[in-house]
Amino acid sequence: MDEVIKALQEAFQQPLNEGEQRKIIFWFDKDQEFAEYIHEVAIENVKVHTLSEGNSFYTKYLLEEEEDPTSNYLIYSNLDMDKDEDNWLLDTILYSKKFYADKTSFLMNELNIDPPLRSIVKKYEKFFGSKDRIRKFKGFEVSAFTEGTIELVMMSALCNLKTPDFEDVLKVVLMESLDDSQNKYLELIAKYVGVDVFWNTVAVRYGYEQNQKSLKTLFIHLTVTALSHVMNEGHLLLIKNYIAFRNKPNALVFIDHWMHHKTDYLVYDQCAEIVEKEIKLSDIVNQLPVEEFKAADTFPYFDKAIIIYIANSLEERLEDYEAYTKLINLRRAKHYYERFQSIYEALYYTVKMFEFHKKYSRGIPKTQAVDMYRAYVNDYHQMDMFYRKFYVAYDNESNSEILKKLKVMVENLYTNWYMSELSSHWSAAVHDELKSSWVLPGIQSQKDFYRSFVAPKIYNGDRVFVIISDALRYEIAAELTDKLNSETTGACDIQPLLGVLPSVTKMGMASLLPHKNLEIDLSGNVSVNGRSSSGIDNRIGILQSVLADSTAVHFQELKDMNKAGRRETFKGKKLVYIYHDSIDATGDKAATEVNTFTAAERAIDELYAIVKIIRDDLSGTNIFITADHGFVYQREALQESDKIEKEGIPAFEVKRRHLFTQEKGERSGLLDINMDNLITNEHQITTYVPKATIRFKIQGAGSNFVHGGASLQEIVVPLIQFKNIRSGQKNSLEIEKVDVKLTNTTRKITNSLFNLTFFQTERVEDKRVPRTVKIYMVDETDVVISNEEMLICDRTSDKPEERTFKLRFALKSMPYDKNASYYLITKDDETNVIVEKTPFSINLGIVSDFDF
């Protein structure tokens with residue numbers, strides 16, 4: 001009774017509703033559980049009256065006509081008053097409040113469910129028979145209930161959701177299992193709510209109306225309906241029975257939200273693979289031109305079909321390379337791109353190699369040495385980059401049959417055509433122009449590096465850091481330059497140096513040190529100013545003989561120091577040489593040479609990290625990054641025709657790409673290079689290098705990665721000059737992402753399916769870097785009401801039409817208030833910052849009702 005009286009007191013203390021002058025509460029106690037206690041009820045300012053057989057009319061008179069029509073009344077009744085036509089007090093009861101003191105009533109009071117819904121709560125008393133389920137139900141804090149809301153909240157509680165949302169209920173159910181008999185959440189809903197409630201809700205929201213209902217056919221219905229938004233339904237005739245006739249956008253939005261969930265997408269992907277086999281999607285897709293499904297991503301087979309299409313087209317020499325590139329770029333914003341990323345990247349670089357081949361369809365021109373050298377720097381080196389990038393991707397998916405097919409094409413283009421023609425023409429130019437004097441007009445020599453670049457800065461009092469990366473080929477350095485330009489505030493440029501011959505570490509490293517003369521003895525040892533240049537200690541001695549405040553260090557040693565240790569170690573040093581060798585250390589070993597290109601990727605990141613250390617920890621502003629030499633590498637095993645004997649030349653050093661001898665004279669297949677302008681040549685030493693990319697036949701494994709010869713890949717040495725410019729300094733340029741803007745001027749949506757156009761306002765270049773955004777619609781409470789589209793804004797074109805994107809959106813089928821504001825959200829995918837929030841009004845009218 002204490003609980004009852006407390007509940008009654010709370011009811012009477014509620015504020016008066018509009019038009020009310022007092023509170024009248026009818027307490028119905030049909031089972032007469034409280035009849036003997038009614039006399040104990042005493043509530044301040046409330047009169048208690050018992051309704052009995054025969055006094056209904058008097059009670060009405062009492063409440064409405066007797067001398068006290070303004071008092072609060074509690075009317076207690078244990079009569080059966082279910083028949084409205086016999087109820088004298090019906091109108092009074094309707095404008096009053098009903099009160100029940102049974103378990104259901106207290107539950108409804110606790111859950112803030114209005115009395116008219118009492119029959120619904122009674123219907124689901126099995127659900128409310130658990131304190132845990134009641135706790136979850138109450139935790140949703142719903143302000144106003146209907147029968148549908150109660151059922152939704154119950155299903156949401158059974159699915160352990162944080163907020164009541166049938167989209168999430170459905171996703172939890174489908175994620176559990178597509179087998180109805182194995183699905184615990186469907187079983188719970190059937191037990192406590194009713195399976196018909198679930199299926200009826202699915203039918204209303206998603207238009208699923210199969211006679212034989214199952215979770216698997218429901219998933220097929222949702223995915224195929226979503227697919228019908230991006231494909232002509234005429235192509236889906238074999239599965240048209242799975243396409244909804246109404247509320248189609250809801251299916252698209254549901255599938256889209258599931259696919260884009262940061263973790264739940266994994267289960268979606270598993271289900272999609274099962275279903276695409278069930279509906280024989282491959283039979284449908286394989287009959288269609290790629291244009292008909294290029295934007296579809298509901299199932300993974302679309303990506304497989306697109307990949308096969310491009311690969312087969314390349315094999316058949318169909319030269320629509322621009323279209324293939326656009327297709328790959330289109331797929332980058334699609335759901336399954338990450339799964340197939342390595343294959344797409346391998347495809348992309350294969351396409352770029354075919355494009356290069358088409359550009360030089362008449363062959364790589366045979367020109368003078370300096371022109372060929374400059375052409376390599378300006379253009380040809382990209383082919384080496386494409387080849388390298390292909391194999392980085394290939395090594396991530398080396399069991400892929402598609403990539404094995406591409407590999408044959410790539411090797412044919414790179415090794416059999418590009419390297420064969422380029423190295424042959426270059427060897428001829430070297431033979432004609434460089435044998436007697438290893439110089440090129442207008443090209444700085446590697447051996448003049450210190451005198452031309454470092455010494456002037458030291459003379460001006462600048463502090464200089466020199467990073468030398470062993471075997472940093474020009475094309476790898478070019479990629480590093482782009483990274484430094486786009487990801488730091490510094491100014492960075494790259495130029496080529498003519499590397500020394502032979503292109504080996506001991507020669508290249510020596511030539512980069514300060515020197516008056518370089519010498520090589522008949523044991524092959526290289527000295528600088530009469531001092532051995534081998535090893536870091538000797539190099540420190542050579543540096544300090546020129547500048548006392550200088551030192552050298554290995555990259556790993558620098559990396560292992562903390563910030564304080566770095567500052568202490570290099571305190572007062574005006575010149576620091578830093579040696580890095582990730583590429584050469586990997587490529588020069590037979591066991592690891594296959595990982596050469598992976599090492600190159602790692603080297604770019606490590607060199608970038610060194611620059612950051614110098615900039616941030618050592619306050620360095622003048623940084624040079626260069627190499628001792630480049631390298632030649634091919635993945636396929638070499639043929640016997642790729643090797644040559646040294647023909648009995650009396651050599652005191654023989655490696656795969658060079659030999660040293662005191663003998664002079666022209667030999668078949670070899671280039672004899674005069675060393676006079678490279679070293680102090682007291683011993684009359686000549687170096688022989690095989691023409692093109694031929695290797696000397698010597699014992700041992702490991703002939704795919706080589707250097708020492710005169711190929712452009714070996715002797716075009718990069719020199720990156722990086723000048724750190726702090727933010728706010730004169731000439732500083734902040735790194736900014738390109739902007740993206742909605743170009744549509746109309747801010748009113750009148751169809752649940754609509755297109756919007758976006759424009760990348762600037763092209764990507766230097767400090768203007770790409771931006772990836774997610775775009776979707778929300779209501780005033782930030783609830784997502786549409787599908788989500790991803791836009792990768794990384795276009796480098798000057799043409800506005802090539803920086804324009806058209807996206808398609810679908811709104812959930814639900815009531816929209818034409819006077820309310822809805823928003824198009826453009827969110828940066830990296831930072832999750834909203835870069836634009838555009839208000840829209842939505843007025844679907846009849847279109848929404850019939851879902852045209």
# chains A, B, ... in the order shown; residues from 1 in each chain; ligands from 1

$ residues_around --residues "A:Ile540" --least-positions-apart "3" --cutoff "8 Å" --atoms "only C-alpha atoms" --output "list in words"
Ile536, Asp537, Leu543, Gln544, Ser550, Thr551 and Ala552 of chain A

$ write_last_selection --atoms "C-alpha atoms" --output "PDB file, in the first residue's frame"
ATOM      1  CA  ILE A 536      83.143   5.554 -41.306  1.00  0.00           C
ATOM      2  CA  ASP A 537      86.148   6.313 -39.089  1.00  0.00           C
ATOM      3  CA  LEU A 543      86.025  15.389 -43.209  1.00  0.00           C
ATOM      4  CA  GLN A 544      87.816  16.751 -40.147  1.00  0.00           C
ATOM      5  CA  SER A 550      82.485  17.892 -38.741  1.00  0.00           C
ATOM      6  CA  THR A 551      81.560  14.245 -38.209  1.00  0.00           C
ATOM      7  CA  ALA A 552      79.807  11.264 -39.777  1.00  0.00           C
TER       8      ALA A 552
END

$ select_by_dssp --residues "stretch 488-583 of chain A" --states "strand (DSSP E)" --output "list in words"
Ala491, Cys492, Asp493, Ile494, Gln495, Pro496, Leu497, Leu498, Leu518, Glu519, Ile520, Val526, Ser527, Val528, Arg531, Ser532, Ser550, Thr551, Ala552, Val553, His554, Leu575, Val576, Tyr577, Ile578, Tyr579 and His580 of chain A

$ atom_distance --atom1 "atom CA of A:Tyr387" --atom2 "atom CA of A:Tyr336"
24.9 Å

$ closest_residue --among "A:Lys23, A:Arg332, A:Arg374, A:Lys405" --to "A:Ala311" --atoms "only C-alpha atoms"
A:Lys405

$ atom_distance --atom1 "atom CA of A:Gly129" --atom2 "atom CA of A:Glu187"
17.0 Å

$ residues_around --residues "stretch 567-569 of chain A" --least-positions-apart "2" --cutoff "10 Å" --atoms "only C-alpha atoms" --output "PyMOL selection string"
chain A and resi 551+558+561-565+571-573+614+617-619

$ atom_distance --atom1 "atom CA of A:Glu125" --atom2 "atom CA of A:Val153"
14.2 Å

$ select_by_dssp --residues "stretch 463-529 of chain A" --states "helix (DSSP H, G or I)" --output "PyMOL selection string"
chain A and resi 474-487+505-511

$ residues_around --residues "A:Ala323" --least-positions-apart "4" --cutoff "12 Å" --atoms "only C-alpha atoms" --output "short mmCIF file (atom, residue, chain, number, x, y, z; two decimals) with N, CA, C and O atoms, in the first residue's frame"
data_model
loop_
_atom_site.label_atom_id
_atom_site.label_comp_id
_atom_site.auth_asym_id
_atom_site.auth_seq_id
_atom_site.Cartn_x
_atom_site.Cartn_y
_atom_site.Cartn_z
N VAL A 290 31.59 -3.45 -69.47
CA VAL A 290 32.04 -2.96 -68.16
C VAL A 290 31.38 -1.63 -67.79
O VAL A 290 31.19 -1.33 -66.60
N GLU A 291 30.98 -0.83 -68.77
CA GLU A 291 30.33 0.45 -68.49
C GLU A 291 29.06 0.27 -67.67
O GLU A 291 28.66 1.17 -66.95
N LYS A 294 30.44 -0.54 -63.84
CA LYS A 294 31.70 0.03 -63.35
C LYS A 294 31.55 0.74 -62.01
O LYS A 294 32.51 0.87 -61.25
N ILE A 306 36.08 -6.32 -63.22
CA ILE A 306 36.77 -5.14 -63.76
C ILE A 306 38.27 -5.42 -63.90
O ILE A 306 38.89 -5.07 -64.91
N TYR A 309 38.74 -7.68 -66.83
CA TYR A 309 38.51 -6.91 -68.06
C TYR A 309 39.76 -6.12 -68.46
O TYR A 309 40.20 -6.16 -69.62
N ILE A 310 40.34 -5.40 -67.51
CA ILE A 310 41.52 -4.58 -67.83
C ILE A 310 42.70 -5.47 -68.20
O ILE A 310 43.41 -5.21 -69.18
N SER A 313 42.20 -6.92 -71.61
CA SER A 313 42.33 -5.86 -72.62
C SER A 313 43.80 -5.55 -72.88
O SER A 313 44.21 -5.33 -74.04
N LEU A 314 44.60 -5.53 -71.82
CA LEU A 314 46.03 -5.28 -72.00
C LEU A 314 46.69 -6.41 -72.76
O LEU A 314 47.53 -6.19 -73.64
N LEU A 318 44.61 -3.83 -76.49
CA LEU A 318 43.60 -2.80 -76.71
C LEU A 318 44.09 -1.55 -75.99
O LEU A 318 44.20 -1.53 -74.76
N GLU A 319 44.37 -0.48 -76.72
CA GLU A 319 45.16 0.63 -76.20
C GLU A 319 44.34 1.75 -75.57
O GLU A 319 44.72 2.92 -75.65
N LEU A 327 39.04 4.05 -64.85
CA LEU A 327 38.30 2.96 -64.22
C LEU A 327 38.94 2.57 -62.89
O LEU A 327 38.25 2.38 -61.87
N ILE A 328 40.25 2.46 -62.88
CA ILE A 328 40.96 2.12 -61.63
C ILE A 328 40.76 3.24 -60.60
O ILE A 328 40.52 2.97 -59.42
N ASN A 329 40.85 4.50 -61.04
CA ASN A 329 40.64 5.62 -60.12
C ASN A 329 39.22 5.64 -59.57
O ASN A 329 39.00 5.97 -58.40
N LEU A 330 38.25 5.29 -60.41
CA LEU A 330 36.86 5.20 -59.95
C LEU A 330 36.72 4.15 -58.86
O LEU A 330 36.04 4.38 -57.85
N TYR A 348 47.50 -0.75 -62.44
CA TYR A 348 47.72 0.66 -62.76
C TYR A 348 49.11 0.86 -63.35
O TYR A 348 49.27 1.53 -64.39
N VAL A 351 49.45 -0.54 -66.80
CA VAL A 351 48.85 0.39 -67.76
C VAL A 351 49.81 1.53 -68.07
O VAL A 351 50.00 1.91 -69.23
N LYS A 352 50.45 2.09 -67.02
CA LYS A 352 51.39 3.20 -67.23
C LYS A 352 52.58 2.76 -68.10
O LYS A 352 53.09 3.53 -68.91
N GLU A 355 51.35 2.66 -71.60
CA GLU A 355 51.25 4.04 -72.09
C GLU A 355 52.61 4.56 -72.53
O GLU A 355 52.74 5.22 -73.57
#

$ residues_around --residues "A:Leu434" --least-positions-apart "6" --cutoff "12 Å" --atoms "only C-alpha atoms" --output "list in words"
Gln368, Ala369, Val370, Trp426, Ser427, Ala428, Leu440, Pro441, Leu498, Val500, Leu501, Leu671, Asp672, Ile673, Asn674, Met675, Asn677 and Ala710 of chain A

$ write_last_selection --atoms "N, CA, C and O atoms" --output "CSV table (one decimal), in the first residue's frame"
chain,number,residue,atom,x,y,z
A,368,GLN,N,72.4,12.0,-79.0
A,368,GLN,CA,73.7,12.2,-78.4
A,368,GLN,C,73.6,11.9,-76.9
A,368,GLN,O,72.5,11.9,-76.3
A,369,ALA,N,74.7,11.6,-76.3
A,369,ALA,CA,74.7,11.2,-74.9
A,369,ALA,C,74.0,12.2,-74.0
A,369,ALA,O,73.2,11.8,-73.1
A,370,VAL,N,74.3,13.5,-74.1
A,370,VAL,CA,73.8,14.4,-73.1
A,370,VAL,C,72.2,14.5,-73.3
A,370,VAL,O,71.5,14.7,-72.3
A,426,TRP,N,72.3,3.9,-75.2
A,426,TRP,CA,73.1,4.6,-74.3
A,426,TRP,C,74.6,4.1,-74.4
A,426,TRP,O,75.5,4.9,-74.4
A,427,SER,N,74.7,2.8,-74.5
A,427,SER,CA,76.1,2.2,-74.6
A,427,SER,C,76.8,2.7,-75.9
A,427,SER,O,78.0,3.0,-75.9
A,428,ALA,N,76.0,2.8,-76.9
A,428,ALA,CA,76.5,3.3,-78.2
A,428,ALA,C,77.0,4.8,-78.0
A,428,ALA,O,78.1,5.2,-78.5
A,440,LEU,N,79.9,15.2,-69.2
A,440,LEU,CA,78.8,15.6,-70.1
A,440,LEU,C,78.6,17.1,-70.0
A,440,LEU,O,78.5,17.6,-68.9
A,441,PRO,N,78.5,17.8,-71.1
A,441,PRO,CA,78.3,19.2,-71.0
A,441,PRO,C,77.1,19.6,-70.3
A,441,PRO,O,76.0,19.1,-70.6
A,498,LEU,N,76.3,13.4,-62.7
A,498,LEU,CA,76.9,12.3,-63.5
A,498,LEU,C,77.8,11.5,-62.6
A,498,LEU,O,78.9,12.0,-62.1
A,500,VAL,N,80.4,8.7,-60.9
A,500,VAL,CA,81.7,8.2,-61.3
A,500,VAL,C,81.6,6.8,-61.8
A,500,VAL,O,80.7,6.1,-61.5
A,501,LEU,N,82.7,6.4,-62.6
A,501,LEU,CA,82.8,5.0,-63.0
A,501,LEU,C,84.0,4.4,-62.4
A,501,LEU,O,85.0,5.1,-62.2
A,671,LEU,N,82.9,-1.8,-72.8
A,671,LEU,CA,83.3,-0.4,-72.9
A,671,LEU,C,84.5,-0.2,-72.1
A,671,LEU,O,84.5,-0.5,-70.9
A,672,ASP,N,85.6,0.3,-72.7
A,672,ASP,CA,86.8,0.6,-71.9
A,672,ASP,C,86.8,2.1,-71.6
A,672,ASP,O,86.7,3.0,-72.5
A,673,ILE,N,86.7,2.5,-70.3
A,673,ILE,CA,86.6,3.9,-69.9
A,673,ILE,C,87.9,4.4,-69.3
A,673,ILE,O,88.5,3.8,-68.4
A,674,ASN,N,88.4,5.5,-69.9
A,674,ASN,CA,89.6,6.1,-69.4
A,674,ASN,C,89.3,6.8,-68.1
A,674,ASN,O,88.4,7.5,-67.9
A,675,MET,N,90.2,6.4,-67.1
A,675,MET,CA,89.9,6.9,-65.7
A,675,MET,C,90.6,8.2,-65.4
A,675,MET,O,90.6,8.7,-64.3
A,677,ASN,N,90.3,11.4,-65.9
A,677,ASN,CA,89.6,12.6,-65.3
A,677,ASN,C,88.8,12.2,-64.1
A,677,ASN,O,88.0,13.1,-63.6
A,710,ALA,N,77.9,1.3,-66.6
A,710,ALA,CA,77.7,2.7,-67.1
A,710,ALA,C,76.2,2.9,-67.5
A,710,ALA,O,76.0,3.9,-68.2

$ residues_around --residues "A:Ser527" --least-positions-apart "6" --cutoff "8 Å" --atoms "only C-alpha atoms" --output "PDB file with C-alpha atoms, in the first residue's frame"
ATOM      1  CA  ALA A 510      85.015   8.635 -52.018  1.00  0.00           C
ATOM      2  CA  LEU A 518      91.220  10.370 -55.645  1.00  0.00           C
ATOM      3  CA  GLU A 519      93.507   7.394 -56.097  1.00  0.00           C
ATOM      4  CA  ILE A 520      93.079   3.676 -56.597  1.00  0.00           C
ATOM      5  CA  SER A 533      88.175   6.206 -47.625  1.00  0.00           C
ATOM      6  CA  SER A 534      86.895   2.832 -46.455  1.00  0.00           C
TER       7      SER A 534
END

$ closest_atom_pairs --of "stretch 288-329 of chain A" --to "stretch 391-404 of chain A" --cutoff "10 Å" --atoms "only C-alpha atoms" --output "tab-separated table"
residue	atom	partner	partner_atom	distance
A:Lys304	CA	A:Ile402	CA	9.9
A:Ile307	CA	A:Ile402	CA	8.2
A:Ile308	CA	A:Ile402	CA	7.3
A:Ala311	CA	A:Ile402	CA	7.2
A:Asn312	CA	A:Ile402	CA	9.2

$ write_last_selection --atoms "all heavy atoms" --output "compact mmCIF listing (two decimals), in the first residue's frame"
# COMPACT_ATOMS: atom_id res chain seq x y z
N LYS A 304 36.38 -8.06 -59.26
CA LYS A 304 37.06 -9.15 -59.98
C LYS A 304 36.82 -9.02 -61.48
O LYS A 304 37.75 -9.18 -62.28
CB LYS A 304 36.55 -10.49 -59.47
CG LYS A 304 36.88 -10.78 -58.01
CD LYS A 304 36.25 -12.08 -57.54
CE LYS A 304 36.47 -12.30 -56.05
NZ LYS A 304 35.77 -13.51 -55.56
N ILE A 307 38.84 -6.09 -62.91
CA ILE A 307 40.26 -6.44 -62.96
C ILE A 307 40.53 -7.37 -64.15
O ILE A 307 41.49 -7.17 -64.92
CB ILE A 307 40.70 -7.09 -61.64
CG1 ILE A 307 40.77 -6.03 -60.52
CG2 ILE A 307 42.04 -7.79 -61.78
CD1 ILE A 307 40.87 -6.59 -59.13
N ILE A 308 39.68 -8.37 -64.32
CA ILE A 308 39.84 -9.32 -65.44
C ILE A 308 39.70 -8.59 -66.77
O ILE A 308 40.47 -8.83 -67.72
CB ILE A 308 38.81 -10.46 -65.32
CG1 ILE A 308 39.15 -11.35 -64.11
CG2 ILE A 308 38.77 -11.29 -66.60
CD1 ILE A 308 38.05 -12.31 -63.74
N ALA A 311 42.91 -6.55 -67.42
CA ALA A 311 44.04 -7.44 -67.69
C ALA A 311 43.92 -8.07 -69.08
O ALA A 311 44.89 -8.12 -69.84
CB ALA A 311 44.12 -8.52 -66.62
N ASN A 312 42.72 -8.54 -69.41
CA ASN A 312 42.52 -9.16 -70.74
C ASN A 312 42.68 -8.13 -71.85
O ASN A 312 43.23 -8.44 -72.92
CB ASN A 312 41.14 -9.80 -70.81
CG ASN A 312 41.06 -11.09 -70.00
OD1 ASN A 312 42.09 -11.69 -69.67
ND2 ASN A 312 39.86 -11.52 -69.68

$ residues_around --residues "A:Lys389" --least-positions-apart "5" --cutoff "8 Å" --atoms "only C-alpha atoms" --output "PyMOL selection string"
chain A and resi 345-346+349+597

$ write_last_selection --atoms "N, CA and C atoms" --output "tab-separated table (two decimals), in the first residue's frame"
chain	number	residue	atom	x	y	z
A	345	GLU	N	46.80	-1.76	-57.99
A	345	GLU	CA	48.03	-0.99	-58.16
A	345	GLU	C	48.95	-1.63	-59.19
A	346	ALA	N	49.03	-2.96	-59.16
A	346	ALA	CA	49.83	-3.65	-60.18
A	346	ALA	C	49.26	-3.40	-61.57
A	349	TYR	N	50.12	0.28	-62.71
A	349	TYR	CA	51.50	0.51	-63.19
A	349	TYR	C	51.77	-0.27	-64.47
A	597	PHE	N	62.98	-3.93	-54.13
A	597	PHE	CA	61.99	-2.86	-54.29
A	597	PHE	C	61.25	-2.59	-52.99

$ closest_residue --among "A:Asp180, A:Tyr208, A:Phe293, A:Asp794" --to "A:Val195" --atoms "only C-alpha atoms"
A:Asp180

$ decode --residues "stretch 634-645 of chain A" --atoms "N, CA and C atoms" --output "compact mmCIF listing (two decimals), in the first residue's frame"
# COMPACT_ATOMS: atom_id res chain seq x y z
N GLN A 634 66.46 -6.63 -62.37
CA GLN A 634 65.31 -7.25 -63.04
C GLN A 634 64.88 -8.45 -62.23
N ARG A 635 63.56 -8.71 -62.20
CA ARG A 635 63.04 -9.79 -61.36
C ARG A 635 63.26 -11.17 -61.99
N GLU A 636 63.06 -11.27 -63.29
CA GLU A 636 63.18 -12.57 -63.93
C GLU A 636 64.63 -13.05 -63.93
N ALA A 637 64.80 -14.36 -63.89
CA ALA A 637 66.15 -14.93 -63.92
C ALA A 637 66.84 -14.55 -65.24
N LEU A 638 68.14 -14.32 -65.15
CA LEU A 638 68.89 -13.92 -66.34
C LEU A 638 69.14 -15.11 -67.27
N GLN A 639 69.21 -14.82 -68.55
CA GLN A 639 69.55 -15.84 -69.54
C GLN A 639 71.08 -15.85 -69.73
N GLU A 640 71.55 -16.91 -70.34
CA GLU A 640 72.98 -16.99 -70.62
C GLU A 640 73.43 -15.82 -71.52
N SER A 641 72.50 -15.37 -72.37
CA SER A 641 72.83 -14.27 -73.28
C SER A 641 73.00 -12.94 -72.53
N ASP A 642 72.60 -12.92 -71.25
CA ASP A 642 72.75 -11.70 -70.45
C ASP A 642 74.11 -11.64 -69.77
N LYS A 643 74.97 -12.62 -70.03
CA LYS A 643 76.27 -12.69 -69.35
C LYS A 643 77.40 -12.76 -70.38
N ILE A 644 78.57 -12.34 -69.97
CA ILE A 644 79.72 -12.28 -70.89
C ILE A 644 80.99 -12.68 -70.14
N GLU A 645 81.89 -13.34 -70.85
CA GLU A 645 83.20 -13.68 -70.27
C GLU A 645 84.10 -12.44 -70.31
